[in-house]
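Data block for entry.cif (mmCIF, C-alpha atoms):
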```cif
data_data
#
loop_
_atom_site.group_PDB
_atom_site.id
_atom_site.type_symbol
_atom_site.label_atom_id
_atom_site.label_comp_id
_atom_site.auth_asym_id
_atom_site.auth_seq_id
_atom_site.Cartn_x
_atom_site.Cartn_y
_atom_site.Cartn_z
ATOM 1 C CA MET D 1 -84.928 -111.383 -59.737
ATOM 2 C CA ILE D 2 -85.605 -113.914 -56.986
ATOM 3 C CA GLU D 3 -84.666 -112.984 -53.436
ATOM 4 C CA LEU D 4 -83.655 -115.583 -50.908
ATOM 5 C CA LYS D 5 -82.665 -115.279 -47.295
ATOM 6 C CA PRO D 6 -80.794 -117.711 -45.073
ATOM 7 C CA ILE D 7 -82.844 -119.894 -42.727
ATOM 8 C CA GLY D 8 -79.767 -121.016 -40.782
ATOM 9 C CA ILE D 9 -76.007 -121.475 -40.742
ATOM 10 C CA ILE D 10 -73.926 -124.559 -41.429
ATOM 11 C CA HIS D 11 -71.048 -125.163 -39.006
ATOM 12 C CA SER D 12 -68.213 -127.430 -40.120
ATOM 13 C CA PRO D 13 -64.517 -128.065 -39.477
ATOM 14 C CA PHE D 14 -63.610 -126.366 -42.776
ATOM 15 C CA LYS D 15 -62.532 -122.780 -42.199
ATOM 16 C CA ASP D 16 -60.773 -122.370 -45.523
ATOM 17 C CA LEU D 17 -61.544 -123.182 -49.168
ATOM 18 C CA ASN D 18 -58.240 -125.048 -49.405
ATOM 19 C CA GLY D 19 -57.985 -128.728 -48.559
ATOM 20 C CA MET D 20 -61.696 -129.462 -48.225
ATOM 21 C CA PRO D 21 -63.267 -132.723 -49.314
ATOM 22 C CA ILE D 22 -64.896 -132.020 -52.636
ATOM 23 C CA GLN D 23 -68.097 -133.985 -52.130
ATOM 24 C CA PRO D 24 -69.943 -135.552 -49.177
ATOM 25 C CA ALA D 25 -68.783 -138.959 -50.460
ATOM 26 C CA ALA D 26 -65.235 -137.796 -49.769
ATOM 27 C CA ALA D 27 -66.157 -136.456 -46.356
ATOM 28 C CA ALA D 28 -67.326 -139.739 -44.810
ATOM 29 C CA GLY D 29 -67.569 -139.299 -41.070
ATOM 30 C CA VAL D 30 -66.826 -135.564 -41.089
ATOM 31 C CA LYS D 31 -69.251 -134.047 -38.599
ATOM 32 C CA GLY D 32 -71.004 -130.721 -38.695
ATOM 33 C CA ILE D 33 -73.973 -128.906 -37.227
ATOM 34 C CA VAL D 34 -76.764 -127.162 -39.086
ATOM 35 C CA GLU D 35 -78.136 -124.348 -36.940
ATOM 36 C CA VAL D 36 -81.696 -123.549 -38.008
ATOM 37 C CA PHE D 37 -82.857 -120.088 -37.005
ATOM 38 C CA GLU D 38 -85.550 -120.003 -34.353
ATOM 39 C CA ALA D 39 -88.260 -118.687 -36.678
ATOM 40 C CA TYR D 40 -88.056 -121.839 -38.829
ATOM 41 C CA ARG D 41 -87.622 -124.563 -36.195
ATOM 42 C CA ALA D 42 -91.267 -125.640 -36.161
ATOM 43 C CA GLY D 43 -90.658 -126.894 -39.711
ATOM 44 C CA LEU D 44 -88.167 -129.505 -38.417
ATOM 45 C CA LYS D 45 -90.893 -131.725 -36.961
ATOM 46 C CA ASP D 46 -90.809 -135.269 -38.414
ATOM 47 C CA LEU D 47 -87.397 -134.701 -40.016
ATOM 48 C CA GLU D 48 -85.546 -136.891 -37.538
ATOM 49 C CA GLY D 49 -87.216 -139.949 -39.070
ATOM 50 C CA PHE D 50 -85.008 -139.483 -42.125
ATOM 51 C CA SER D 51 -81.450 -140.807 -42.099
ATOM 52 C CA HIS D 52 -80.338 -138.516 -44.923
ATOM 53 C CA ILE D 53 -81.257 -134.978 -45.893
ATOM 54 C CA ILE D 54 -80.555 -132.691 -48.821
ATOM 55 C CA LEU D 55 -79.072 -129.340 -47.880
ATOM 56 C CA LEU D 56 -79.321 -126.400 -50.271
ATOM 57 C CA TYR D 57 -77.015 -123.560 -49.368
ATOM 58 C CA HIS D 58 -75.416 -120.399 -50.665
ATOM 59 C CA PHE D 59 -71.849 -120.647 -51.997
ATOM 60 C CA HIS D 60 -71.261 -117.365 -50.175
ATOM 61 C CA ARG D 61 -67.543 -117.219 -50.895
ATOM 62 C CA SER D 62 -67.974 -117.592 -54.666
ATOM 63 C CA GLN D 63 -67.920 -114.435 -56.742
ATOM 64 C CA GLY D 64 -68.857 -114.520 -60.407
ATOM 65 C CA PHE D 65 -68.594 -117.567 -62.649
ATOM 66 C CA ASN D 66 -66.963 -118.981 -65.746
ATOM 67 C CA LEU D 67 -68.886 -121.152 -68.183
ATOM 68 C CA ASN D 68 -65.800 -123.326 -68.647
ATOM 69 C CA VAL D 69 -63.902 -124.607 -65.652
ATOM 70 C CA VAL D 70 -61.215 -127.132 -64.845
ATOM 71 C CA PRO D 71 -62.888 -129.131 -62.057
ATOM 72 C CA PHE D 72 -61.007 -130.534 -59.058
ATOM 73 C CA MET D 73 -61.480 -134.018 -60.480
ATOM 74 C CA ASP D 74 -60.091 -133.386 -63.949
ATOM 75 C CA SER D 75 -57.355 -131.649 -65.892
ATOM 76 C CA GLU D 76 -59.521 -130.645 -68.883
ATOM 77 C CA PRO D 77 -61.791 -127.591 -69.097
ATOM 78 C CA ARG D 78 -65.424 -128.678 -68.841
ATOM 79 C CA GLY D 79 -68.742 -126.950 -69.347
ATOM 80 C CA LEU D 80 -69.747 -125.482 -65.982
ATOM 81 C CA PHE D 81 -73.118 -127.256 -65.836
ATOM 82 C CA SER D 82 -71.396 -130.642 -66.233
ATOM 83 C CA THR D 83 -69.505 -129.911 -62.996
ATOM 84 C CA ARG D 84 -70.320 -129.218 -59.368
ATOM 85 C CA ALA D 85 -67.961 -126.221 -59.208
ATOM 86 C CA PRO D 86 -69.169 -123.520 -56.773
ATOM 87 C CA LYS D 87 -68.836 -120.458 -59.026
ATOM 88 C CA ARG D 88 -72.171 -120.626 -60.862
ATOM 89 C CA PRO D 89 -74.626 -118.042 -62.241
ATOM 90 C CA ASN D 90 -76.824 -118.885 -59.243
ATOM 91 C CA PRO D 91 -74.353 -120.033 -56.590
ATOM 92 C CA ILE D 92 -76.494 -122.668 -54.869
ATOM 93 C CA GLY D 93 -74.800 -125.714 -53.398
ATOM 94 C CA LEU D 94 -76.411 -129.097 -52.827
ATOM 95 C CA SER D 95 -75.158 -131.831 -50.511
ATOM 96 C CA VAL D 96 -76.758 -135.057 -49.352
ATOM 97 C CA VAL D 97 -75.660 -135.609 -45.743
ATOM 98 C CA ARG D 98 -76.413 -138.088 -42.987
ATOM 99 C CA LEU D 99 -78.652 -136.838 -40.168
ATOM 100 C CA ASP D 100 -77.740 -138.219 -36.737
ATOM 101 C CA LYS D 101 -80.071 -136.277 -34.445
ATOM 102 C CA ILE D 102 -81.855 -132.984 -33.912
ATOM 103 C CA GLU D 103 -81.683 -131.065 -30.639
ATOM 104 C CA GLY D 104 -82.989 -127.569 -30.055
ATOM 105 C CA GLY D 105 -82.894 -126.498 -33.671
ATOM 106 C CA MET D 106 -79.429 -127.996 -34.200
ATOM 107 C CA LEU D 107 -79.087 -130.771 -36.769
ATOM 108 C CA TYR D 108 -76.112 -133.030 -36.089
ATOM 109 C CA ILE D 109 -74.915 -134.239 -39.467
ATOM 110 C CA GLN D 110 -72.162 -136.365 -41.019
ATOM 111 C CA ASN D 111 -70.397 -136.457 -44.375
ATOM 112 C CA VAL D 112 -70.037 -132.696 -44.454
ATOM 113 C CA ASP D 113 -68.180 -131.119 -47.396
ATOM 114 C CA ILE D 114 -69.364 -127.583 -46.685
ATOM 115 C CA LEU D 115 -67.424 -124.505 -45.611
ATOM 116 C CA ASP D 116 -67.942 -123.312 -42.025
ATOM 117 C CA GLY D 117 -70.372 -120.399 -41.823
ATOM 118 C CA THR D 118 -72.244 -121.265 -45.019
ATOM 119 C CA PRO D 119 -75.785 -119.795 -45.170
ATOM 120 C CA LEU D 120 -78.478 -122.482 -45.277
ATOM 121 C CA LEU D 121 -81.304 -122.022 -47.801
ATOM 122 C CA ASP D 122 -83.393 -125.179 -47.566
ATOM 123 C CA ILE D 123 -83.608 -128.671 -46.106
ATOM 124 C CA LYS D 124 -85.388 -131.483 -47.954
ATOM 125 C CA PRO D 125 -85.796 -135.113 -46.935
ATOM 126 C CA TYR D 126 -83.728 -137.524 -49.037
ATOM 127 C CA VAL D 127 -86.015 -140.161 -50.543
ATOM 128 C CA PRO D 128 -84.453 -142.859 -52.757
ATOM 129 C CA GLU D 129 -87.651 -143.243 -54.789
ATOM 130 C CA PHE D 130 -87.365 -139.558 -55.771
ATOM 131 C CA ASP D 131 -83.639 -138.933 -55.721
ATOM 132 C CA ALA D 132 -81.712 -142.120 -56.486
ATOM 133 C CA GLN D 133 -81.200 -143.260 -60.063
ATOM 134 C CA VAL D 134 -79.940 -146.539 -61.420
ATOM 135 C CA GLU D 135 -78.379 -147.238 -64.821
ATOM 136 C CA VAL D 136 -76.634 -143.936 -64.928
ATOM 137 C CA ARG D 137 -73.990 -142.544 -67.284
ATOM 138 C CA THR D 138 -71.658 -139.948 -65.810
ATOM 139 C CA GLY D 139 -69.744 -138.575 -68.787
ATOM 140 C CA TRP D 140 -66.322 -137.109 -68.105
ATOM 141 C CA LEU D 141 -66.659 -137.938 -64.430
ATOM 142 C CA HIS D 142 -66.862 -141.663 -65.132
ATOM 143 C CA ALA D 143 -63.153 -142.308 -64.735
ATOM 144 C CA ALA D 144 -62.601 -139.760 -61.995
ATOM 145 C CA ARG D 145 -65.569 -140.308 -59.692
ATOM 146 C CA LYS D 146 -64.188 -143.443 -58.039
ATOM 147 C CA THR D 147 -61.213 -141.474 -56.803
ATOM 148 C CA VAL D 148 -63.185 -138.601 -55.286
ATOM 149 C CA SER D 149 -62.273 -139.644 -51.772
ATOM 150 C CA ASP D 150 -58.583 -139.015 -52.481
ATOM 151 C CA ARG D 151 -59.089 -135.504 -53.823
ATOM 152 C CA LYS D 152 -59.100 -132.268 -51.920
ATOM 153 C CA SER D 153 -60.076 -128.779 -52.980
ATOM 154 C CA ASP D 154 -57.616 -126.001 -53.702
ATOM 155 C CA ASP D 155 -58.235 -122.303 -54.153
ATOM 156 C CA ARG D 156 -59.105 -122.321 -57.860
ATOM 157 C CA PHE D 157 -62.716 -121.261 -57.216
ATOM 158 C CA LYS D 158 -61.920 -118.509 -54.748
ATOM 159 C CA MET C 1 -80.445 -111.252 -49.066
ATOM 160 C CA ILE C 2 -79.257 -113.391 -51.953
ATOM 161 C CA GLU C 3 -80.399 -112.476 -55.429
ATOM 162 C CA LEU C 4 -80.872 -115.076 -58.127
ATOM 163 C CA LYS C 5 -81.902 -114.775 -61.716
ATOM 164 C CA PRO C 6 -83.266 -117.399 -64.086
ATOM 165 C CA ILE C 7 -80.814 -118.972 -66.549
ATOM 166 C CA GLY C 8 -83.596 -120.579 -68.576
ATOM 167 C CA ILE C 9 -87.179 -121.804 -68.646
ATOM 168 C CA ILE C 10 -88.584 -125.305 -68.172
ATOM 169 C CA HIS C 11 -91.281 -126.339 -70.636
ATOM 170 C CA SER C 12 -93.581 -129.214 -69.694
ATOM 171 C CA PRO C 13 -97.067 -130.582 -70.378
ATOM 172 C CA PHE C 14 -98.294 -129.292 -66.991
ATOM 173 C CA LYS C 15 -100.086 -125.979 -67.351
ATOM 174 C CA ASP C 16 -101.862 -126.134 -64.016
ATOM 175 C CA LEU C 17 -100.926 -126.979 -60.423
ATOM 176 C CA ASN C 18 -103.762 -129.492 -60.317
ATOM 177 C CA GLY C 19 -103.232 -133.102 -61.376
ATOM 178 C CA MET C 20 -99.458 -133.021 -61.745
ATOM 179 C CA PRO C 21 -97.253 -135.950 -60.819
ATOM 180 C CA ILE C 22 -95.755 -135.118 -57.448
ATOM 181 C CA GLN C 23 -92.221 -136.345 -58.058
ATOM 182 C CA PRO C 24 -90.119 -137.312 -61.090
ATOM 183 C CA ALA C 25 -90.510 -140.954 -60.014
ATOM 184 C CA ALA C 26 -94.231 -140.521 -60.661
ATOM 185 C CA ALA C 27 -93.644 -138.816 -63.987
ATOM 186 C CA ALA C 28 -91.825 -141.681 -65.709
ATOM 187 C CA GLY C 29 -91.711 -140.991 -69.431
ATOM 188 C CA VAL C 30 -93.226 -137.505 -69.208
ATOM 189 C CA LYS C 31 -91.187 -135.361 -71.587
ATOM 190 C CA GLY C 32 -90.157 -131.760 -71.280
ATOM 191 C CA ILE C 33 -87.638 -129.290 -72.600
ATOM 192 C CA VAL C 34 -85.265 -127.096 -70.643
ATOM 193 C CA GLU C 35 -84.514 -123.944 -72.608
ATOM 194 C CA VAL C 36 -81.201 -122.487 -71.477
ATOM 195 C CA PHE C 37 -80.797 -118.809 -72.273
ATOM 196 C CA GLU C 38 -78.191 -118.014 -74.890
ATOM 197 C CA ALA C 39 -75.803 -116.297 -72.479
ATOM 198 C CA TYR C 40 -75.336 -119.537 -70.508
ATOM 199 C CA ARG C 41 -75.204 -122.130 -73.299
ATOM 200 C CA ALA C 42 -71.423 -122.431 -73.387
ATOM 201 C CA GLY C 43 -71.718 -123.991 -69.923
ATOM 202 C CA LEU C 44 -73.628 -126.969 -71.374
ATOM 203 C CA LYS C 45 -70.498 -128.486 -72.930
ATOM 204 C CA ASP C 46 -69.852 -132.063 -71.703
ATOM 205 C CA LEU C 47 -73.288 -132.301 -70.082
ATOM 206 C CA GLU C 48 -74.662 -134.708 -72.711
ATOM 207 C CA GLY C 49 -72.368 -137.422 -71.345
ATOM 208 C CA PHE C 50 -74.616 -137.600 -68.288
ATOM 209 C CA SER C 51 -77.819 -139.644 -68.404
ATOM 210 C CA HIS C 52 -79.362 -137.796 -65.461
ATOM 211 C CA ILE C 53 -79.196 -134.212 -64.274
ATOM 212 C CA ILE C 54 -80.334 -132.291 -61.225
ATOM 213 C CA LEU C 55 -82.494 -129.261 -61.971
ATOM 214 C CA LEU C 56 -82.850 -126.488 -59.413
ATOM 215 C CA TYR C 57 -85.706 -124.131 -60.156
ATOM 216 C CA HIS C 58 -87.930 -121.465 -58.683
ATOM 217 C CA PHE C 59 -91.351 -122.525 -57.390
ATOM 218 C CA HIS C 60 -92.612 -119.340 -59.009
ATOM 219 C CA ARG C 61 -96.281 -120.014 -58.300
ATOM 220 C CA SER C 62 -95.753 -120.524 -54.577
ATOM 221 C CA GLN C 63 -96.446 -117.570 -52.320
ATOM 222 C CA GLY C 64 -95.484 -117.680 -48.657
ATOM 223 C CA PHE C 65 -95.109 -120.830 -46.598
ATOM 224 C CA ASN C 66 -96.394 -122.747 -43.596
ATOM 225 C CA LEU C 67 -94.045 -124.619 -41.300
ATOM 226 C CA ASN C 68 -96.603 -127.397 -40.976
ATOM 227 C CA VAL C 69 -98.207 -128.880 -44.064
ATOM 228 C CA VAL C 70 -100.315 -131.851 -45.021
ATOM 229 C CA PRO C 71 -98.267 -133.291 -47.909
ATOM 230 C CA PHE C 72 -99.818 -134.866 -50.998
ATOM 231 C CA MET C 73 -98.652 -138.258 -49.788
ATOM 232 C CA ASP C 74 -100.111 -138.141 -46.301
ATOM 233 C CA SER C 75 -103.158 -137.123 -44.281
ATOM 234 C CA GLU C 76 -101.226 -135.877 -41.215
ATOM 235 C CA PRO C 77 -99.650 -132.439 -40.802
ATOM 236 C CA ARG C 78 -95.854 -132.736 -41.109
ATOM 237 C CA GLY C 79 -92.973 -130.377 -40.477
ATOM 238 C CA LEU C 80 -92.308 -128.528 -43.738
ATOM 239 C CA PHE C 81 -88.653 -129.562 -43.979
ATOM 240 C CA SER C 82 -89.618 -133.236 -43.792
ATOM 241 C CA THR C 83 -91.660 -132.732 -46.976
ATOM 242 C CA ARG C 84 -91.021 -131.678 -50.573
ATOM 243 C CA ALA C 85 -93.948 -129.225 -50.576
ATOM 244 C CA PRO C 86 -93.353 -126.181 -52.817
ATOM 245 C CA LYS C 87 -94.294 -123.398 -50.404
ATOM 246 C CA ARG C 88 -90.988 -122.971 -48.559
ATOM 247 C CA PRO C 89 -89.110 -120.031 -47.003
ATOM 248 C CA ASN C 90 -86.799 -120.234 -50.031
ATOM 249 C CA PRO C 91 -89.002 -121.693 -52.776
ATOM 250 C CA ILE C 92 -86.370 -123.714 -54.625
ATOM 251 C CA GLY C 93 -87.402 -126.954 -56.292
ATOM 252 C CA LEU C 94 -85.133 -129.903 -57.047
ATOM 253 C CA SER C 95 -85.793 -132.682 -59.532
ATOM 254 C CA VAL C 96 -83.547 -135.432 -60.864
ATOM 255 C CA VAL C 97 -84.532 -135.979 -64.505
ATOM 256 C CA ARG C 98 -83.310 -138.086 -67.394
ATOM 257 C CA LEU C 99 -81.393 -136.222 -70.119
ATOM 258 C CA ASP C 100 -82.023 -137.557 -73.629
ATOM 259 C CA LYS C 101 -80.169 -135.037 -75.773
ATOM 260 C CA ILE C 102 -79.101 -131.423 -76.123
ATOM 261 C CA GLU C 103 -79.697 -129.386 -79.279
ATOM 262 C CA GLY C 104 -79.154 -125.667 -79.636
ATOM 263 C CA GLY C 105 -79.443 -124.849 -75.964
ATOM 264 C CA MET C 106 -82.512 -127.070 -75.551
ATOM 265 C CA LEU C 107 -82.256 -130.006 -73.161
ATOM 266 C CA TYR C 108 -84.703 -132.792 -73.972
ATOM 267 C CA ILE C 109 -85.602 -134.427 -70.687
ATOM 268 C CA GLN C 110 -87.851 -137.161 -69.288
ATOM 269 C CA ASN C 111 -89.548 -137.830 -65.939
ATOM 270 C CA VAL C 112 -90.660 -134.225 -65.647
ATOM 271 C CA ASP C 113 -92.774 -133.250 -62.615
ATOM 272 C CA ILE C 114 -92.374 -129.509 -63.129
ATOM 273 C CA LEU C 115 -94.915 -126.838 -64.023
ATOM 274 C CA ASP C 116 -94.676 -125.348 -67.534
ATOM 275 C CA GLY C 117 -92.897 -121.999 -67.549
ATOM 276 C CA THR C 118 -90.870 -122.641 -64.396
ATOM 277 C CA PRO C 119 -87.718 -120.485 -64.139
ATOM 278 C CA LEU C 120 -84.518 -122.556 -64.183
ATOM 279 C CA LEU C 121 -81.850 -121.659 -61.606
ATOM 280 C CA ASP C 122 -79.135 -124.292 -62.019
ATOM 281 C CA ILE C 123 -78.210 -127.564 -63.675
ATOM 282 C CA LYS C 124 -75.872 -130.052 -61.993
ATOM 283 C CA PRO C 125 -74.726 -133.463 -63.220
ATOM 284 C CA TYR C 126 -76.228 -136.369 -61.284
ATOM 285 C CA VAL C 127 -73.441 -138.555 -59.916
ATOM 286 C CA PRO C 128 -74.395 -141.637 -57.867
ATOM 287 C CA GLU C 129 -71.173 -141.483 -55.826
ATOM 288 C CA PHE C 130 -72.214 -137.997 -54.644
ATOM 289 C CA ASP C 131 -75.976 -138.158 -54.685
ATOM 290 C CA ALA C 132 -77.188 -141.714 -54.117
ATOM 291 C CA GLN C 133 -77.419 -143.138 -50.629
ATOM 292 C CA VAL C 134 -77.972 -146.691 -49.476
ATOM 293 C CA GLU C 135 -79.328 -147.907 -46.125
ATOM 294 C CA VAL C 136 -81.710 -145.033 -45.836
ATOM 295 C CA ARG C 137 -84.557 -144.374 -43.410
ATOM 296 C CA THR C 138 -87.417 -142.232 -44.742
ATOM 297 C CA GLY C 139 -89.553 -141.472 -41.681
ATOM 298 C CA TRP C 140 -93.211 -140.697 -42.313
ATOM 299 C CA LEU C 141 -92.729 -141.237 -46.045
ATOM 300 C CA HIS C 142 -91.746 -144.868 -45.542
ATOM 301 C CA ALA C 143 -95.231 -146.236 -46.014
ATOM 302 C CA ALA C 144 -96.331 -143.725 -48.616
ATOM 303 C CA ARG C 145 -93.317 -143.490 -50.925
ATOM 304 C CA LYS C 146 -94.019 -146.738 -52.771
ATOM 305 C CA THR C 147 -97.341 -145.360 -53.925
ATOM 306 C CA VAL C 148 -96.032 -142.045 -55.241
ATOM 307 C CA SER C 149 -96.712 -143.037 -58.835
ATOM 308 C CA ASP C 150 -100.431 -143.252 -58.102
ATOM 309 C CA ARG C 151 -100.701 -139.803 -56.562
ATOM 310 C CA LYS C 152 -101.367 -136.518 -58.253
ATOM 311 C CA SER C 153 -101.156 -132.979 -56.995
ATOM 312 C CA ASP C 154 -104.121 -130.823 -56.134
ATOM 313 C CA ASP C 155 -104.260 -127.106 -55.447
ATOM 314 C CA ARG C 156 -103.412 -127.164 -51.743
ATOM 315 C CA PHE C 157 -100.104 -125.367 -52.284
ATOM 316 C CA LYS C 158 -101.449 -122.700 -54.597
#
```
In structure tokens, how does this file's structure come out?
Amino acid sequence: MIELKPIGIIHSPFKDLNGMPIQPAAAAGVKGIVEVFEAYRAGLKDLEGFSHIILLYHFHRSQGFNLNVVPFMDSEPRGLFSTRAPKRPNPIGLSVVRLDKIEGGMLYIQNVDILDGTPLLDIKPYVPEFDAQVEVRTGWLHAARKTVSDRKSDDRFK
Amino acid sequence: MIELKPIGIIHSPFKDLNGMPIQPAAAAGVKGIVEVFEAYRAGLKDLEGFSHIILLYHFHRSQGFNLNVVPFMDSEPRGLFSTRAPKRPNPIGLSVVRLDKIEGGMLYIQNVDILDGTPLLDIKPYVPEFDAQVEVRTGWLHAARKTVSDRKSDDRFK
């Protein structure tokens, strides 16, 4: 067993699992604030130099999981690990968001697809040389991914 | 407190924290195998359609953390969250790796920068529309990131 504890809270306009953008790419311009708890704020030094950050967080509203799910972007059941569905054996979410500024332990971010009140687990700098891939195949998502900005969540993963 | 448990084990050529590549970009061609435990294998359906996957894993050899660290790629102390150093309040690692094939619950991967025996926490499909960013600033890493393939780890984060 591995024990984690929140290092902050993510604040966003999304108070309900229904009607959320389903990825940061679909949440262009949506603003939020990451509140980092006081004990961890010294670790934010130098972060403001990065335009984008990776947030890892706890899908705190997800209970249990199914190994086959019908994702928001499809009508077929898919293997869980080929999806970004929130109900996972280890319910950790990952979003790449834009960082506008940091003030007093508050990170002002954009492109937020995260539920209000979500517990923050980690912040990593986004570095294209590490994180961006070219010549990529995207399986079942290939047809659907271009339309992500038109899709919204519903309550199927409640 | 959030409790996680491993869903598999990552096998790699790296038996020691010393001399490892420090990011997947620096581990081009290095092969490894992700062994997914039997109970979770049904969730691998459809994953083979993706050329790249995101692995989340437990930095199981990291004890404790410092909010200021001198990263492998720099000589200055930096705020922890502006680095990818393994000793973090929640020691979760993230690597984007190439997926070659899946056979019997074993994922054959490339570009592996992960220690042998690392506990696997999650697998997500890599999708450029969600995960790749353009027009990015990378702060202190800007000068250093191009040289990542020449750097190796040492034991500073033991």
Exercise for the section: Check what the PyMOL selection byres ((chain C) within 6 of (chain D)) selects in the file above and give those residues as a ChimeraX atom specification. Expected result: /C:1-5,25,42-47,49-51,67,79-82,90,123-125,130,132,136-139
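Note that atom CA of D:Ser62 and atom CA of D:Gly105 are 27.3 Å apart.
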Exercise for the section: In Å, rounded to a single decimal, give me how far atom CA of C:Val30 is from atom CA of C:Asp154. Expected result: 18.3 Å
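Once the PyMOL selection byres ((chain D and resi 109) around 9) is applied to this file, the selection holds Val30, Lys31, Gly32, Ile33, Val34, His52, Val97, Arg98, Leu99, Asp100, Lys101, Ile102, Leu107, Tyr108, Gln110, Asn111 and Val112 of chain D.
Pairwise distance (atom CA of D:Asn18, atom CA of C:Leu55) equals 27.6 Å.
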Please write as a JSON list (two decimals) with C-alpha atoms, in the coordinates of the input the full residue list that the PyMOL selection byres ((chain C and resi 20) around 9) yields on this file.
```json
[["chain", "number", "residue", "atom", "x", "y", "z"],
["C", 14, "PHE", "CA", -98.29, -129.29, -66.99],
["C", 16, "ASP", "CA", -101.86, -126.13, -64.02],
["C", 17, "LEU", "CA", -100.93, -126.98, -60.42],
["C", 18, "ASN", "CA", -103.76, -129.49, -60.32],
["C", 19, "GLY", "CA", -103.23, -133.10, -61.38],
["C", 21, "PRO", "CA", -97.25, -135.95, -60.82],
["C", 22, "ILE", "CA", -95.76, -135.12, -57.45],
["C", 23, "GLN", "CA", -92.22, -136.34, -58.06],
["C", 27, "ALA", "CA", -93.64, -138.82, -63.99],
["C", 113, "ASP", "CA", -92.77, -133.25, -62.62],
["C", 114, "ILE", "CA", -92.37, -129.51, -63.13],
["C", 115, "LEU", "CA", -94.92, -126.84, -64.02],
["C", 151, "ARG", "CA", -100.70, -139.80, -56.56],
["C", 152, "LYS", "CA", -101.37, -136.52, -58.25],
["C", 153, "SER", "CA", -101.16, -132.98, -57.00],
["C", 154, "ASP", "CA", -104.12, -130.82, -56.13]]
```
